[in-house]
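Note sheet for the following structure.
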Amino acid sequence: MSTTEIREPEQARPWRPGDGPEPTVTTWPAGDRPALRVWSHGSWRYAPVLALQEWADGTIVYQVSVDLRGDTAVTTCLYRWPQEGLRSAHVSTTRPSTDAGVARGDMPRPRPPVDKAGRTGARDRRHAVSGEAVSGERPSFACPVCTHTSHHPQDAENEYCGHCRRFTAAEQRAAHARDGLAAARQHADDR
């Protein structure tokens, strides 16, 4: 079949209460959505999938964001699957979600963390590198050269200044050694 024989896909109408039970809506994170190719105005157009709707009667509807004319005007469209003018562009590597949050149309939200007392909103903060629990007080390090303050635990531990991009502890020891050596030489010259 040549591309001149491909028909443009027909857009689907949104679900209505008269269509039966609400469809199951599946979404993916914005950075890793699956995508379709939509045949429009003589070209295959790339269309990231915003949502997949599975209606109670078995109908599959994709909600996509697509530039139908190739003029960078992106619109949101609904398409029933399968159709001749739709192709799969790629799949997502992330597991989809059917938890749509509190308000209709919201993207899935992670459940709020719960602390040991059962309160929501508490965070189990862990250091990204070591995985150790982080207490409420964070170590800080003020650079003696530029006075920049860093709150990264490893910067404080190693006395590293990300602003100067140098380890200041070694420089301080070298400076103290130079000062001590200069004082010793001065003392020897005074004799």
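We name chains A, B, ... following the order of the structure tokens; residues begin at 1 in each chain, and ligands are numbered from 1 as shown.
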
task = Show which residues sit within 12 Å of Gly70 in chain A, as a VMD selection string. Count only C-alpha atoms, and ignore same-chain residues fewer than 3 positions away.
result = chain A and resid 38 to 47 66 to 67 73 to 75

Store the residues of this selection in a file with all heavy atoms, as a compact mmCIF listing (two decimals), in the first residue's frame.
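Result file follows (again_15.txt):
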# COMPACT_ATOMS: atom_id res chain seq x y z
N VAL A 38 1.03 9.63 13.51
CA VAL A 38 -0.30 9.95 12.99
C VAL A 38 -0.14 10.44 11.55
O VAL A 38 0.64 11.36 11.29
CB VAL A 38 -0.98 11.04 13.86
CG1 VAL A 38 -2.33 11.42 13.27
CG2 VAL A 38 -1.12 10.57 15.30
N TRP A 39 -0.84 9.81 10.61
CA TRP A 39 -0.80 10.23 9.22
C TRP A 39 -1.67 11.47 9.06
O TRP A 39 -2.86 11.44 9.31
CB TRP A 39 -1.30 9.09 8.31
CG TRP A 39 -1.24 9.44 6.87
CD1 TRP A 39 -2.28 9.78 6.07
CD2 TRP A 39 -0.07 9.48 6.05
NE1 TRP A 39 -1.84 10.03 4.79
CE2 TRP A 39 -0.48 9.86 4.75
CE3 TRP A 39 1.28 9.25 6.28
CZ2 TRP A 39 0.41 10.00 3.71
CZ3 TRP A 39 2.16 9.40 5.24
CH2 TRP A 39 1.73 9.77 3.97
N SER A 40 -1.04 12.59 8.66
CA SER A 40 -1.79 13.83 8.52
C SER A 40 -1.14 14.70 7.45
O SER A 40 0.08 14.90 7.47
CB SER A 40 -1.81 14.59 9.85
OG SER A 40 -2.48 15.81 9.72
N HIS A 41 -1.95 15.20 6.53
CA HIS A 41 -1.49 16.08 5.45
C HIS A 41 -0.30 15.49 4.70
O HIS A 41 0.68 16.18 4.41
CB HIS A 41 -1.16 17.49 5.98
CG HIS A 41 -2.37 18.25 6.40
ND1 HIS A 41 -2.92 18.12 7.65
CD2 HIS A 41 -3.14 19.15 5.75
CE1 HIS A 41 -3.97 18.90 7.76
NE2 HIS A 41 -4.14 19.54 6.61
N GLY A 42 -0.36 14.19 4.42
CA GLY A 42 0.65 13.55 3.59
C GLY A 42 1.94 13.16 4.27
O GLY A 42 2.90 12.79 3.61
N SER A 43 2.00 13.24 5.63
CA SER A 43 3.22 12.87 6.37
C SER A 43 2.85 12.17 7.67
O SER A 43 1.77 12.37 8.23
CB SER A 43 4.04 14.11 6.72
OG SER A 43 4.54 14.71 5.57
N TRP A 44 3.79 11.35 8.15
CA TRP A 44 3.64 10.74 9.47
C TRP A 44 4.10 11.75 10.50
O TRP A 44 5.23 12.24 10.45
CB TRP A 44 4.48 9.46 9.58
CG TRP A 44 3.92 8.34 8.77
CD1 TRP A 44 4.39 7.85 7.60
CD2 TRP A 44 2.76 7.56 9.08
NE1 TRP A 44 3.61 6.83 7.15
CE2 TRP A 44 2.59 6.62 8.05
CE3 TRP A 44 1.84 7.57 10.13
CZ2 TRP A 44 1.56 5.70 8.03
CZ3 TRP A 44 0.81 6.65 10.11
CH2 TRP A 44 0.67 5.73 9.08
N ARG A 45 3.23 12.09 11.43
CA ARG A 45 3.53 13.08 12.48
C ARG A 45 3.75 12.37 13.81
O ARG A 45 2.98 11.50 14.20
CB ARG A 45 2.39 14.08 12.64
CG ARG A 45 1.88 14.70 11.36
CD ARG A 45 2.84 15.65 10.75
NE ARG A 45 2.26 16.22 9.54
CZ ARG A 45 2.87 17.06 8.77
NH1 ARG A 45 4.08 17.45 9.05
NH2 ARG A 45 2.28 17.52 7.68
N TYR A 46 4.80 12.78 14.50
CA TYR A 46 5.13 12.20 15.81
C TYR A 46 4.13 12.72 16.84
O TYR A 46 3.84 13.92 16.89
CB TYR A 46 6.55 12.60 16.19
CG TYR A 46 7.02 12.04 17.50
CD1 TYR A 46 7.44 10.72 17.60
CD2 TYR A 46 7.06 12.83 18.64
CE1 TYR A 46 7.89 10.20 18.79
CE2 TYR A 46 7.50 12.32 19.85
CZ TYR A 46 7.92 11.00 19.91
OH TYR A 46 8.36 10.49 21.11
N ALA A 47 3.58 11.82 17.68
CA ALA A 47 2.55 12.20 18.64
C ALA A 47 2.76 11.50 19.97
O ALA A 47 2.39 10.34 20.15
CB ALA A 47 1.17 11.85 18.08
N VAL A 66 -0.16 16.38 19.08
CA VAL A 66 0.37 16.21 17.72
C VAL A 66 0.30 17.52 16.92
O VAL A 66 -0.63 18.31 17.08
CB VAL A 66 -0.38 15.08 16.98
CG1 VAL A 66 -1.85 15.39 16.82
CG2 VAL A 66 0.26 14.74 15.65
N ASP A 67 1.29 17.71 16.07
CA ASP A 67 1.33 18.82 15.11
C ASP A 67 0.75 18.28 13.81
O ASP A 67 1.45 17.67 13.01
CB ASP A 67 2.77 19.29 14.93
CG ASP A 67 2.92 20.36 13.87
OD1 ASP A 67 1.90 20.83 13.34
OD2 ASP A 67 4.08 20.72 13.56
N ALA A 73 2.05 24.01 15.28
CA ALA A 73 0.85 24.24 16.09
C ALA A 73 0.40 22.88 16.64
O ALA A 73 -0.24 22.11 15.93
CB ALA A 73 -0.24 24.90 15.28
N VAL A 74 0.75 22.60 17.87
CA VAL A 74 0.46 21.30 18.48
C VAL A 74 -0.92 21.32 19.13
O VAL A 74 -1.26 22.26 19.85
CB VAL A 74 1.55 20.94 19.52
CG1 VAL A 74 1.24 19.64 20.21
CG2 VAL A 74 2.91 20.90 18.85
N THR A 75 -1.71 20.29 18.86
CA THR A 75 -3.04 20.17 19.45
C THR A 75 -3.18 18.82 20.12
O THR A 75 -2.44 17.88 19.84
CB THR A 75 -4.14 20.31 18.38
OG1 THR A 75 -3.93 19.30 17.39
CG2 THR A 75 -4.12 21.66 17.72

task = Would you kindly return, as a list in words, each protein, DNA or RNA residue with an atom no farther than 8 Å from any atom of His90 in chain A, considering only C-alpha atoms and excluding same-chain residues fewer than 5 positions away?
result =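 Once the adjacent positions are removed, what remains is Pro34, Ala35 and Leu36 of chain A.
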
message = What's the separation between CA of Ser97 in chain A and CA of Glu84 in chain A, in Å to one decimal place?
response =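 Distance between the two atoms: 27.5 Å.
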
message = Calculated over only C-alpha atoms, which of the candidates A:Ser65, A:Thr26, A:Ser88, A:Thr4 has the smallest distance to Pro48 in chain A?
response =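 When distances to Pro48 in chain A are compared using only C-alpha atoms, the smallest one comes from A:Ser65.
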
Shell of 9 Å around range 159-171 of chain A, only C-alpha atoms, local chain residues under 6 positions omitted, as a list in words = Phe141, Ala142, Cys143, Pro144, Val145, Cys146, His148, Thr149 and Ser150 of chain A

request  = For CA of Asp32 in chain A and CA of Glu54 in chain A, quote the distance in Å rounded to one decimal.
outcome  =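 According to the coordinates, CA of Asp32 in chain A and CA of Glu54 in chain A are separated by 20.3 Å.
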
query = So, counting only C-alpha atoms, which residue among A:Leu78, A:Ala89, A:Ile6, A:Ala30 is closest to Ile60 in chain A?
reply =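 Going through A:Leu78, A:Ala89, A:Ile6, A:Ala30 one by one, the smallest distance to Ile60 in chain A is for A:Leu78.
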
Find the residues around Trp15 in chain A up to 12 Å (only C-alpha atoms counted), leave out those fewer than 2 positions away in its own chain, and share them as a compact mmCIF listing (two decimals) with N, CA, C and O atoms, in the first residue's frame.
# COMPACT_ATOMS: atom_id res chain seq x y z
N ALA A 12 -11.66 10.68 17.69
CA ALA A 12 -12.74 10.15 18.53
C ALA A 12 -13.32 11.28 19.38
O ALA A 12 -12.64 12.26 19.68
N ARG A 13 -14.54 11.12 19.78
CA ARG A 13 -15.13 12.08 20.69
C ARG A 13 -14.79 11.68 22.12
O ARG A 13 -14.51 10.52 22.41
N PRO A 17 -20.99 10.40 30.10
CA PRO A 17 -21.64 9.51 31.06
C PRO A 17 -22.60 8.52 30.40
O PRO A 17 -22.77 7.41 30.88
N GLY A 18 -23.20 8.86 29.28
CA GLY A 18 -24.12 7.95 28.59
C GLY A 18 -23.40 6.77 27.93
O GLY A 18 -24.05 5.82 27.49
N ASP A 19 -22.06 6.82 27.87
CA ASP A 19 -21.29 5.74 27.26
C ASP A 19 -21.07 4.57 28.21
O ASP A 19 -20.42 3.60 27.83
N GLY A 20 -21.57 4.68 29.44
CA GLY A 20 -21.37 3.60 30.41
C GLY A 20 -20.38 4.02 31.48
O GLY A 20 -20.15 5.22 31.70
N PRO A 21 -19.78 3.03 32.16
CA PRO A 21 -18.82 3.36 33.23
C PRO A 21 -17.64 4.17 32.70
O PRO A 21 -17.27 4.06 31.52
N GLU A 22 -17.05 4.96 33.59
CA GLU A 22 -15.89 5.76 33.20
C GLU A 22 -14.78 4.86 32.70
O GLU A 22 -14.57 3.77 33.23
N PRO A 23 -14.03 5.32 31.69
CA PRO A 23 -12.93 4.50 31.20
C PRO A 23 -11.77 4.47 32.19
O PRO A 23 -11.63 5.37 33.01
N THR A 24 -10.98 3.43 32.11
CA THR A 24 -9.74 3.37 32.88
C THR A 24 -8.72 4.19 32.13
O THR A 24 -8.47 3.97 30.94
N VAL A 25 -8.12 5.18 32.80
CA VAL A 25 -7.17 6.08 32.16
C VAL A 25 -5.77 5.73 32.64
O VAL A 25 -5.51 5.67 33.84
N GLN A 53 -7.08 5.51 27.17
CA GLN A 53 -8.38 5.27 27.78
C GLN A 53 -8.89 3.90 27.34
O GLN A 53 -8.94 3.62 26.15
N GLU A 54 -9.28 3.08 28.31
CA GLU A 54 -9.89 1.79 28.01
C GLU A 54 -11.35 1.87 28.45
O GLU A 54 -11.64 1.91 29.64
N TRP A 55 -12.25 1.93 27.48
CA TRP A 55 -13.67 2.06 27.76
C TRP A 55 -14.23 0.70 28.16
O TRP A 55 -13.68 -0.35 27.83
N ALA A 56 -15.37 0.71 28.84
CA ALA A 56 -16.00 -0.52 29.33
C ALA A 56 -16.39 -1.46 28.19
O ALA A 56 -16.38 -2.68 28.36
N ASP A 57 -16.69 -0.91 27.00
CA ASP A 57 -17.07 -1.77 25.87
C ASP A 57 -15.85 -2.34 25.13
O ASP A 57 -15.99 -3.00 24.11
N THR A 59 -13.33 -0.48 23.83
CA THR A 59 -12.74 0.51 22.95
C THR A 59 -11.46 1.07 23.56
O THR A 59 -11.42 1.39 24.75
N ILE A 60 -10.42 1.20 22.74
CA ILE A 60 -9.16 1.80 23.17
C ILE A 60 -9.06 3.16 22.50
O ILE A 60 -9.18 3.29 21.28
N VAL A 61 -8.83 4.21 23.30
CA VAL A 61 -8.70 5.56 22.77
C VAL A 61 -7.39 6.15 23.30
O VAL A 61 -7.12 6.10 24.49
N TYR A 62 -6.58 6.67 22.37
CA TYR A 62 -5.33 7.35 22.73
C TYR A 62 -5.54 8.86 22.70
O TYR A 62 -6.09 9.39 21.74
N GLN A 63 -5.08 9.53 23.74
CA GLN A 63 -5.05 10.99 23.77
C GLN A 63 -3.61 11.37 23.48
O GLN A 63 -2.70 11.02 24.23
N LEU A 78 -7.89 12.94 20.24
CA LEU A 78 -8.26 11.59 20.67
C LEU A 78 -8.43 10.72 19.44
O LEU A 78 -9.09 11.12 18.48
N TYR A 79 -7.83 9.51 19.46
CA TYR A 79 -7.96 8.57 18.35
C TYR A 79 -8.31 7.19 18.87
O TYR A 79 -7.68 6.71 19.82
N ARG A 80 -9.31 6.55 18.24
CA ARG A 80 -9.60 5.15 18.55
C ARG A 80 -8.52 4.29 17.92
O ARG A 80 -8.02 4.59 16.85

task = Kindly indicate which residue among A:Leu86, A:Leu68, A:Thr98, A:Thr93 lies nearest to Thr27 in chain A, using only C-alpha atoms for the distances.
result =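 Among the listed residues, the smallest separation from Thr27 in chain A belongs to A:Thr98.
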